[in-house]
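Take a look at the structure below.
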Amino acid sequence: MYSEKVMDHFEHPRNVGEIENPSGVGTVGNPKCGDIMRIYFDIDENQVIRDVKFKTFGCGAAVATSSMATELVKGKTVQEAMEVTNKAVMEALDGLPPVKVHCSLLAEEAIHAALWDYAQKNGITIEGLEKPKDNIEEEEEEEDY
Ligand code: FES
């Protein structure tokens, strides 16, 4: 049912954790299942994503897509990170079962929410980036993954 890459990123997720004083942070929830994902960016003065970490309280597909999404955005500029869509993440994972496609949206939305936060803090515009619908404001830290 799952590709080897999905299983690999699920069992050995990359970039799990958090970044203190992040340049941008985004938290989103999946309305279909209630799962939550948070992404942290450390962005340098050239707008390059130097480091990225995530926490996901969600299903295996959400963990695998977060892991792959963080790998794909690392080292990119904030503008290039806009190209890391859920479709790109799914392709990089050799696909997801149809019922799990909505899980991959969480990673894309979390990236956008974190980029939006960065753009707001720095007064910059990222082409194609829209205000996230449901960026969950900072909440009490949860015991999540
Ligand atoms: Fe909720 Fe996958 S079932 S993100």
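Each chain of the structure tokens is named A, B, ... in the order shown, its residues numbered from 1; ligands are numbered from 1 in display order.
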Which residues are close to His9 in chain A, i.e. within 8 Å by only C-alpha atoms, leaving aside same-chain residues fewer than 2 positions away? Reply as a list in words.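 Answer for this query is Lys5, Val6, Met7, Glu11, His12, Pro13, Arg14, Val63, Ala64, Thr65, Ser67 and Met68 of chain A.
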Show me which residues sit within 8 Å of ligand 1 when counting only C-alpha atoms and all ligand atoms, and put them as a list in words. Asn30, Lys32, Cys33, Gly34, Asp35, Ile36, Gly58, Cys59, Gly60, Ala61, Ala62, Lys100, His102, Cys103, Ser104 and Leu106 of chain A
So that I have them on file, write out the residues from the current selection with N, CA and C atoms, as a CSV table (one decimal), in the first residue's frame.
```csv
chain,number,residue,atom,x,y,z
A,30,ASN,N,-5.6,19.7,10.0
A,30,ASN,CA,-6.3,19.1,8.9
A,30,ASN,C,-7.8,19.0,9.3
A,32,LYS,N,-10.1,17.4,8.0
A,32,LYS,CA,-10.7,16.1,7.7
A,32,LYS,C,-10.4,15.2,8.9
A,33,CYS,N,-9.3,15.3,9.6
A,33,CYS,CA,-9.0,14.3,10.6
A,33,CYS,C,-8.6,14.9,11.9
A,34,GLY,N,-8.3,16.2,11.9
A,34,GLY,CA,-7.9,16.9,13.2
A,34,GLY,C,-6.4,16.8,13.4
A,35,ASP,N,-5.7,16.2,12.5
A,35,ASP,CA,-4.2,16.1,12.7
A,35,ASP,C,-3.6,17.5,12.6
A,36,ILE,N,-2.4,17.7,13.3
A,36,ILE,CA,-1.8,19.0,13.4
A,36,ILE,C,-0.3,18.9,13.0
A,58,GLY,N,0.1,13.4,13.9
A,58,GLY,CA,-0.8,12.9,12.8
A,58,GLY,C,-0.4,11.5,12.4
A,59,CYS,N,-1.0,11.2,11.3
A,59,CYS,CA,-0.9,9.8,10.8
A,59,CYS,C,0.5,9.6,10.1
A,60,GLY,N,0.7,8.4,9.8
A,60,GLY,CA,2.0,8.0,9.2
A,60,GLY,C,2.3,8.8,7.9
A,61,ALA,N,1.2,8.9,7.1
A,61,ALA,CA,1.4,9.7,5.8
A,61,ALA,C,1.7,11.1,6.1
A,62,ALA,N,1.2,11.7,7.1
A,62,ALA,CA,1.5,13.1,7.5
A,62,ALA,C,2.9,13.2,7.9
A,100,LYS,N,-5.0,8.9,1.2
A,100,LYS,CA,-4.1,9.6,2.1
A,100,LYS,C,-3.6,10.9,1.4
A,102,HIS,N,-5.0,13.7,1.1
A,102,HIS,CA,-5.3,14.9,2.0
A,102,HIS,C,-4.2,15.2,3.0
A,103,CYS,N,-3.5,14.1,3.5
A,103,CYS,CA,-2.5,14.2,4.5
A,103,CYS,C,-1.3,15.1,4.0
A,104,SER,N,-1.1,14.9,2.7
A,104,SER,CA,0.1,15.7,2.1
A,104,SER,C,-0.2,17.2,2.0
A,106,LEU,N,-1.3,18.9,4.3
A,106,LEU,CA,-0.9,19.5,5.6
A,106,LEU,C,0.5,20.1,5.5
```
Non-local contacts of Pro132 in chain A (8 Å; only C-alpha atoms; under 4 positions in same chain excluded) as a PyMOL selection string: chain A and resi 109+112-113+116
From the DSSP assignment of the backbone, select every residue of chain A that is strand (DSSP E or B), and format the answer as an MDAnalysis selection string. chainID A and resid 16 24:29 36:43 48:57 77
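The coordinates place CA of Pro22 in chain A at 13.2 Å from CA of Gln47 in chain A.
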Env of range 79-89 of chain A: 8 Å cut, atoms = only C-alpha atoms, seq-sep filter 5 positions within chain, self excluded. Answer as a list in words. Thr65, Met68, Ala69, Leu72, Val73, Ser104, Leu105, Ala107, Glu108, His112, Ile126, Glu127, Gly128 and Leu129 of chain A
Can you write out the residues you just picked, keeping C-alpha atoms, as a short mmCIF file (atom, residue, chain, number, x, y, z; two decimals), in the first residue's frame?
```
data_model
loop_
_atom_site.label_atom_id
_atom_site.label_comp_id
_atom_site.auth_asym_id
_atom_site.auth_seq_id
_atom_site.Cartn_x
_atom_site.Cartn_y
_atom_site.Cartn_z
CA THR A 65 5.13 13.94 3.85
CA MET A 68 10.07 14.74 2.74
CA ALA A 69 8.77 18.32 2.51
CA LEU A 72 12.88 19.43 -0.22
CA VAL A 73 12.78 22.99 1.15
CA SER A 104 0.09 15.66 2.10
CA LEU A 105 -1.79 18.97 2.00
CA ALA A 107 2.83 19.82 4.77
CA GLU A 108 2.22 22.31 1.97
CA HIS A 112 3.00 28.34 3.48
CA ILE A 126 6.67 36.11 -1.62
CA GLU A 127 5.13 35.71 -5.04
CA GLY A 128 2.11 33.41 -5.08
CA LEU A 129 1.87 33.22 -1.30
#
```
In range 7-145 of chain A, DSSP helix (DSSP H, G or I) residues written as a VMD selection string: chain A and resid 7 to 11 60 to 73 78 to 81 86 to 92 98 to 122
Would you kindly return, as JSON, numbers by chain, each protein, DNA or RNA residue with an atom no farther than 8 Å from any atom of Tyr118 in chain A, considering only C-alpha atoms and excluding same-chain residues fewer than 5 positions away? {"A": [23, 24, 25]}
Could you please take those selected residues and save C-alpha atoms as an mmCIF file, in the first residue's frame?
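New file selection-v7.cif:
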```cif
data_model
loop_
_atom_site.group_PDB
_atom_site.id
_atom_site.type_symbol
_atom_site.label_atom_id
_atom_site.label_comp_id
_atom_site.auth_asym_id
_atom_site.auth_seq_id
_atom_site.Cartn_x
_atom_site.Cartn_y
_atom_site.Cartn_z
ATOM 1 C CA SER A 23 12.550 33.062 11.395
ATOM 2 C CA GLY A 24 9.094 31.746 10.637
ATOM 3 C CA VAL A 25 6.756 29.196 12.155
#
```
